[in-house]
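Novice: Sharing a structure with you now.
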Amino acid sequence: MQEQHQNHMGPKEWSLLLVLALLWGGSFFFFKILVSVVPPFTVVLGRVGLAALALNLLLVIRGTSLPRDGALWMRLLLLGLLNNVIPFSAIAFGESRISSGLAAILNATTPVFTIIVAHFMTHDEKMRPGKILGILLGFFGVGILIAPALTGGKSQGSLAGELACLAAALSYGFGGVYGRRFRGLPPLQIATGQLTASTALIFPLSILIDRPWTLPTLSWTVWGAFAGIALLSTAGAFILYFRLLATAGATNLSLVTFLLPIMALLLGTLFLGEHPGWTALAGLLLIGTGLAAIDGRLLPIFLRSRPGAD
């Protein structure tokens with residue numbers, strides 16, 4: 001009954017959903033700018049560190065604070081590893097070798113990997129025919145995307161970059177399933193704790209491997225990209241996500257998965273001069289169809305659209 005009061009999608013909710021897709025799709029745009037001059041671990045440190053600072057300040061303004069339970073912080077470290085450190089680092093590595101649009105399309109397979117992980121790691125979320133069909137379509141789309149790199153044909157990037165972005169999606173899948181253990185905790189505290197823990201994990205990697213103090217002076221464009229990916233695509237997106245979750249419901253909010261790669265493709269085409277080929281568009285179509293099958297709303301919509309259907 002509660003979900004019925006949370007699933008209304010009026011003009012305001014649709015507008016906010018598009019903004020959220022733009023913010024998350026924009027992260028791939030900002031990543032592309034950053035990885036051209038900043039090593040991957042330092043890119044991730046800037047993203048999670050600035051976002052953690054912003055959300056911690058928000059908690060202070062609201063008069064709340066992070067939990068002090070040591071056992072909970074150990075869980076937050078693992079959540080940050082799966083949801084931030086591994087996937088952000090993999091995407092940063094990947095985008096140093098492939099286009100931002102292609103990275104976003106590959107990242108759209110996250111729900112596919114989540115279904116697979118949930119099937120083996122939970123007792124109540126097993127694969128069903130619609131989900132199996134979605135998984136098959138998703139992997140068929142991935143096959144089209146990476147086939148040129150595998151066969152030595154004309155490709156928009158390297159196989160290593162494509163596999164890195166798929167690894168990020170797989171890590172998100174594990175993070176999504178593990179994150180369900182945090183139900184009942186305030187969402188903003190989870191997000192803030194996760195980003196704070198991620199900062200603690202990525203900091204020594206940046207210092208020991210990237211040695212950021214040896215980097216040349218960064219331009220205002222790079223600093224702007226850091227601000228964009230941290231404050232807009234991470235901290236701001238989290239706040240907007242939880243607001244939409246409360247008003248539109250989780251089912252309607254999942255529509256952002258379809259919109260995110262489209263936004264990333266548009267940003268890459270308009271501002272980075274990227275030109276997605278037919279394999280990218282075909283892969284996006286197949287992955288999107290697979291996501292629709294997993295989502296469960298494709299068949300009812302099709303049936304209602306048939307002549308004579310009520």
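Labels for the structure tokens follow display order: chains A, B, ..., residues from 1 in each chain, ligands from 1.
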Sort by chain and increasing residue number a table of all residues of segment 54-118 of chain A within 12 Å of segment 140-149 of chain A, each with its closest pair of atoms and their distance in Å to one decimal, counting only C-alpha atoms, and write it as JSON lines.
Specialist:
```
{"residue": "A:Arg97", "atom": "CA", "partner": "A:Ala149", "partner_atom": "CA", "distance": 11.8}
{"residue": "A:Ile98", "atom": "CA", "partner": "A:Ala149", "partner_atom": "CA", "distance": 10.9}
{"residue": "A:Gly101", "atom": "CA", "partner": "A:Leu145", "partner_atom": "CA", "distance": 11.6}
{"residue": "A:Leu102", "atom": "CA", "partner": "A:Leu145", "partner_atom": "CA", "distance": 8.2}
{"residue": "A:Ala103", "atom": "CA", "partner": "A:Leu145", "partner_atom": "CA", "distance": 10.4}
{"residue": "A:Ala104", "atom": "CA", "partner": "A:Leu145", "partner_atom": "CA", "distance": 11.9}
{"residue": "A:Ile105", "atom": "CA", "partner": "A:Val142", "partner_atom": "CA", "distance": 8.9}
{"residue": "A:Leu106", "atom": "CA", "partner": "A:Val142", "partner_atom": "CA", "distance": 7.0}
{"residue": "A:Asn107", "atom": "CA", "partner": "A:Val142", "partner_atom": "CA", "distance": 10.3}
{"residue": "A:Ala108", "atom": "CA", "partner": "A:Val142", "partner_atom": "CA", "distance": 10.1}
{"residue": "A:Thr109", "atom": "CA", "partner": "A:Val142", "partner_atom": "CA", "distance": 8.3}
{"residue": "A:Thr110", "atom": "CA", "partner": "A:Val142", "partner_atom": "CA", "distance": 11.8}
{"residue": "A:Val112", "atom": "CA", "partner": "A:Val142", "partner_atom": "CA", "distance": 11.0}
```
Novice: Keeping C-alpha atoms for every residue in the selection just given, could you write it to a file as an mmCIF file, in the first residue's frame?
Specialist:
```
data_model
loop_
_atom_site.group_PDB
_atom_site.id
_atom_site.type_symbol
_atom_site.label_atom_id
_atom_site.label_comp_id
_atom_site.auth_asym_id
_atom_site.auth_seq_id
_atom_site.Cartn_x
_atom_site.Cartn_y
_atom_site.Cartn_z
ATOM 1 C CA ARG A 97 41.079 4.342 -23.546
ATOM 2 C CA ILE A 98 37.462 4.561 -24.782
ATOM 3 C CA GLY A 101 29.537 7.473 -24.366
ATOM 4 C CA LEU A 102 30.741 3.907 -24.811
ATOM 5 C CA ALA A 103 31.743 3.771 -21.141
ATOM 6 C CA ALA A 104 28.236 4.884 -20.128
ATOM 7 C CA ILE A 105 26.579 2.278 -22.360
ATOM 8 C CA LEU A 106 28.714 -0.488 -20.872
ATOM 9 C CA ASN A 107 27.936 0.846 -17.401
ATOM 10 C CA ALA A 108 24.227 0.461 -18.199
ATOM 11 C CA THR A 109 24.709 -3.292 -17.799
ATOM 12 C CA THR A 110 24.829 -2.785 -14.015
ATOM 13 C CA VAL A 112 22.134 -7.176 -15.539
#
```
Novice: Could you find all residues in segment 36-230 of chain A that DSSP calls helix (DSSP H, G or I) from the backbone, and write them as an MDAnalysis selection string?
Specialist: chainID A and resid 40:61 70:95 100:107 110:121 129:151 159:182 187:210 212:214 220:230
Novice: Can you list, as a VMD selection string, every protein, DNA or RNA residue that comes within 7 Å of segment 214-231 of chain A when you count only C-alpha atoms, leaving out same-chain residues fewer than 5 positions away?
Specialist: chain A and resid 27 30 33 to 34 46 to 48 50 to 51 236
Novice: Name all residues at most 10 Å from segment 272-275 of chain A (count only C-alpha atoms; drop same-chain ones fewer than 5 positions away) and give them as number ranges by chain.
Specialist: A: 29, 32-33, 99-102, 156, 265-267, 280
Novice: Create the file for the chosen residues now, containing N, CA and C atoms and written as a JSON list (two decimals), in the first residue's frame.
Specialist:
```json
[["chain", "number", "residue", "atom", "x", "y", "z"],
["A", 29, "PHE", "N", 31.22, 12.36, -18.68],
["A", 29, "PHE", "CA", 31.78, 13.54, -19.36],
["A", 29, "PHE", "C", 32.93, 14.13, -18.55],
["A", 32, "LYS", "N", 36.06, 11.96, -18.52],
["A", 32, "LYS", "CA", 36.84, 12.04, -19.76],
["A", 32, "LYS", "C", 37.77, 13.24, -19.75],
["A", 33, "ILE", "N", 37.29, 14.37, -19.23],
["A", 33, "ILE", "CA", 38.14, 15.55, -19.13],
["A", 33, "ILE", "C", 39.29, 15.31, -18.16],
["A", 99, "SER", "N", 35.66, 6.05, -25.41],
["A", 99, "SER", "CA", 34.87, 7.28, -25.33],
["A", 99, "SER", "C", 33.97, 7.26, -24.10],
["A", 100, "SER", "N", 33.56, 8.45, -23.68],
["A", 100, "SER", "CA", 32.68, 8.54, -22.51],
["A", 100, "SER", "C", 31.33, 7.92, -22.79],
["A", 101, "GLY", "N", 30.82, 8.06, -24.02],
["A", 101, "GLY", "CA", 29.54, 7.47, -24.37],
["A", 101, "GLY", "C", 29.55, 5.96, -24.31],
["A", 102, "LEU", "N", 30.62, 5.36, -24.84],
["A", 102, "LEU", "CA", 30.74, 3.91, -24.81],
["A", 102, "LEU", "C", 30.87, 3.42, -23.37],
["A", 156, "GLN", "N", 35.91, 1.88, -31.35],
["A", 156, "GLN", "CA", 35.98, 3.19, -30.72],
["A", 156, "GLN", "C", 36.84, 3.17, -29.47],
["A", 265, "LEU", "N", 25.88, 10.07, -23.95],
["A", 265, "LEU", "CA", 26.15, 10.13, -25.38],
["A", 265, "LEU", "C", 25.97, 11.55, -25.92],
["A", 266, "LEU", "N", 24.90, 12.22, -25.47],
["A", 266, "LEU", "CA", 24.66, 13.59, -25.93],
["A", 266, "LEU", "C", 25.77, 14.53, -25.49],
["A", 267, "LEU", "N", 26.20, 14.42, -24.23],
["A", 267, "LEU", "CA", 27.27, 15.28, -23.74],
["A", 267, "LEU", "C", 28.57, 15.01, -24.49],
["A", 280, "ALA", "N", 27.80, 1.13, -31.29],
["A", 280, "ALA", "CA", 27.44, 1.73, -30.02],
["A", 280, "ALA", "C", 25.93, 1.89, -29.91]]
```
Novice: Counting only C-alpha atoms, what is within 8 Å of Trp24 of chain A, bar same-chain residues fewer than 3 positions away, as a PyMOL selection string?
Specialist: chain A and resi 20-21+27-28+233-234+237+260
Novice: Give me, as a Markdown table, the closest atom pair and its distance (Å, one decimal) for every residue of segment 13-99 of chain A within a cut-off of 7 Å of segment 194-211 of chain A, counting only C-alpha atoms, rows sorted by chain and rising number.
Specialist:
```
| residue | atom | partner | partner_atom | distance |
| --- | --- | --- | --- | --- |
| A:Pro39 | CA | A:Asp210 | CA | 6.0 |
| A:Phe41 | CA | A:Ser206 | CA | 5.0 |
| A:Thr42 | CA | A:Ser206 | CA | 5.1 |
| A:Leu45 | CA | A:Ile202 | CA | 5.9 |
| A:Val48 | CA | A:Leu195 | CA | 5.6 |
| A:Gly49 | CA | A:Thr199 | CA | 5.3 |
| A:Ala52 | CA | A:Leu195 | CA | 5.2 |
| A:Leu76 | CA | A:Gln194 | CA | 5.3 |
| A:Leu77 | CA | A:Ala197 | CA | 5.1 |
| A:Leu79 | CA | A:Gln194 | CA | 6.4 |
| A:Gly80 | CA | A:Gln194 | CA | 4.8 |
| A:Leu81 | CA | A:Ser198 | CA | 6.3 |
| A:Asn84 | CA | A:Ser198 | CA | 6.4 |
| A:Val85 | CA | A:Ser198 | CA | 6.0 |
```
Novice: Store the residues picked out above, limited to N, CA and C atoms, as a PDB file, in the first residue's frame.
Specialist:
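The new file out_30.pdb reads:
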```pdb
ATOM      1  N   PRO A  39      45.983  11.177 -13.129  1.00  0.00           N
ATOM      2  CA  PRO A  39      45.963   9.720 -13.006  1.00  0.00           C
ATOM      3  C   PRO A  39      44.666   9.228 -12.365  1.00  0.00           C
ATOM      4  N   PHE A  41      43.589   7.091  -9.912  1.00  0.00           N
ATOM      5  CA  PHE A  41      43.315   7.066  -8.475  1.00  0.00           C
ATOM      6  C   PHE A  41      43.135   8.472  -7.909  1.00  0.00           C
ATOM      7  N   THR A  42      43.855   9.438  -8.463  1.00  0.00           N
ATOM      8  CA  THR A  42      43.718  10.812  -8.002  1.00  0.00           C
ATOM      9  C   THR A  42      42.402  11.412  -8.479  1.00  0.00           C
ATOM     10  N   LEU A  45      39.997  10.054  -6.004  1.00  0.00           N
ATOM     11  CA  LEU A  45      40.165  10.735  -4.719  1.00  0.00           C
ATOM     12  C   LEU A  45      39.481  12.093  -4.747  1.00  0.00           C
ATOM     13  N   VAL A  48      35.456  11.432  -4.690  1.00  0.00           N
ATOM     14  CA  VAL A  48      34.846  10.989  -3.429  1.00  0.00           C
ATOM     15  C   VAL A  48      35.207  11.910  -2.277  1.00  0.00           C
ATOM     16  N   GLY A  49      36.423  12.484  -2.299  1.00  0.00           N
ATOM     17  CA  GLY A  49      36.845  13.351  -1.210  1.00  0.00           C
ATOM     18  C   GLY A  49      36.034  14.625  -1.133  1.00  0.00           C
ATOM     19  N   ALA A  52      32.411  13.735  -0.236  1.00  0.00           N
ATOM     20  CA  ALA A  52      32.292  13.400   1.190  1.00  0.00           C
ATOM     21  C   ALA A  52      32.303  14.658   2.038  1.00  0.00           C
ATOM     22  N   LEU A  76      30.732  -0.193   6.015  1.00  0.00           N
ATOM     23  CA  LEU A  76      30.772   0.954   5.106  1.00  0.00           C
ATOM     24  C   LEU A  76      32.036   0.955   4.250  1.00  0.00           C
ATOM     25  N   LEU A  77      33.137   0.493   4.818  1.00  0.00           N
ATOM     26  CA  LEU A  77      34.371   0.376   4.026  1.00  0.00           C
ATOM     27  C   LEU A  77      34.183  -0.585   2.861  1.00  0.00           C
ATOM     28  N   LEU A  79      31.281  -1.440   1.515  1.00  0.00           N
ATOM     29  CA  LEU A  79      30.321  -0.828   0.598  1.00  0.00           C
ATOM     30  C   LEU A  79      31.002   0.232  -0.264  1.00  0.00           C
ATOM     31  N   GLY A  80      31.856   1.053   0.346  1.00  0.00           N
ATOM     32  CA  GLY A  80      32.581   2.063  -0.420  1.00  0.00           C
ATOM     33  C   GLY A  80      33.518   1.449  -1.444  1.00  0.00           C
ATOM     34  N   LEU A  81      34.145   0.323  -1.068  1.00  0.00           N
ATOM     35  CA  LEU A  81      35.021  -0.372  -2.007  1.00  0.00           C
ATOM     36  C   LEU A  81      34.254  -0.842  -3.232  1.00  0.00           C
ATOM     37  N   ASN A  84      32.200   2.526  -4.929  1.00  0.00           N
ATOM     38  CA  ASN A  84      32.947   3.724  -5.312  1.00  0.00           C
ATOM     39  C   ASN A  84      34.361   3.428  -5.776  1.00  0.00           C
ATOM     40  N   VAL A  85      35.185   2.870  -4.898  1.00  0.00           N
ATOM     41  CA  VAL A  85      36.617   2.760  -5.187  1.00  0.00           C
ATOM     42  C   VAL A  85      36.873   1.900  -6.415  1.00  0.00           C
TER      43      VAL A  85
END
```
Novice: Do you have the atom CA of Leu286 of chain A-atom CA of Cys165 of chain A distance handy?
Specialist: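 Rounded to one decimal, the two atoms are 17.4 Å apart.
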Novice: Rank A:Ser158, A:Gln189, A:Asn56, A:Thr257 by their smallest atom-to-atom distance to Leu284 of chain A, using only C-alpha atoms, and report the top residue only.
Specialist: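 Result for the nearest residue to Leu284 of chain A: A:Thr257.
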Novice: Given the choices A:Arg180, A:Lys12, A:Arg243, A:Arg75, which gets closest to Thr114 of chain A if the distance is worked out from only C-alpha atoms?
Specialist: A:Arg180
Novice: May I ask which of the residues A:Leu270, A:Thr289, A:Gly179, A:Ile115 is the closest one to Arg128 of chain A, counting only C-alpha atoms?
Specialist: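 Closest to Arg128 of chain A, using only C-alpha atoms: A:Ile115.
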Novice: Any idea what the distance is between atom CA of Ala246 of chain A and atom CA of Leu72 of chain A?
Specialist: 24.3 Å
Novice: Of the candidates A:Leu66, A:Ala92, A:Met74, A:Ala168, which one gets nearest to Pro111 of chain A if we count only C-alpha atoms?
Specialist: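 Closest residue, counting only C-alpha atoms: A:Ala168.
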Novice: Quick one: everything within 8 Å of Ser171 of chain A, counting only C-alpha atoms, minus sequence neighbours fewer than 5 positions away in the same chain. Send it as a list in words.
Specialist: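 Contacts, in chain order: Leu82, Asn83, Ile86 and Pro87 of chain A.
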Novice: Just give me the gap between atom CA of Ile116 of chain A and atom CA of Ala248 of chain A in Å, one decimal is fine.
Specialist: 26.1 Å
Novice: Given the choices A:Leu17, A:Leu133, A:Val35, A:Leu23, which gets closest to Asn252 of chain A if the distance is worked out from only C-alpha atoms?
Specialist: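 Smallest distance to Asn252 of chain A is found for A:Leu17.
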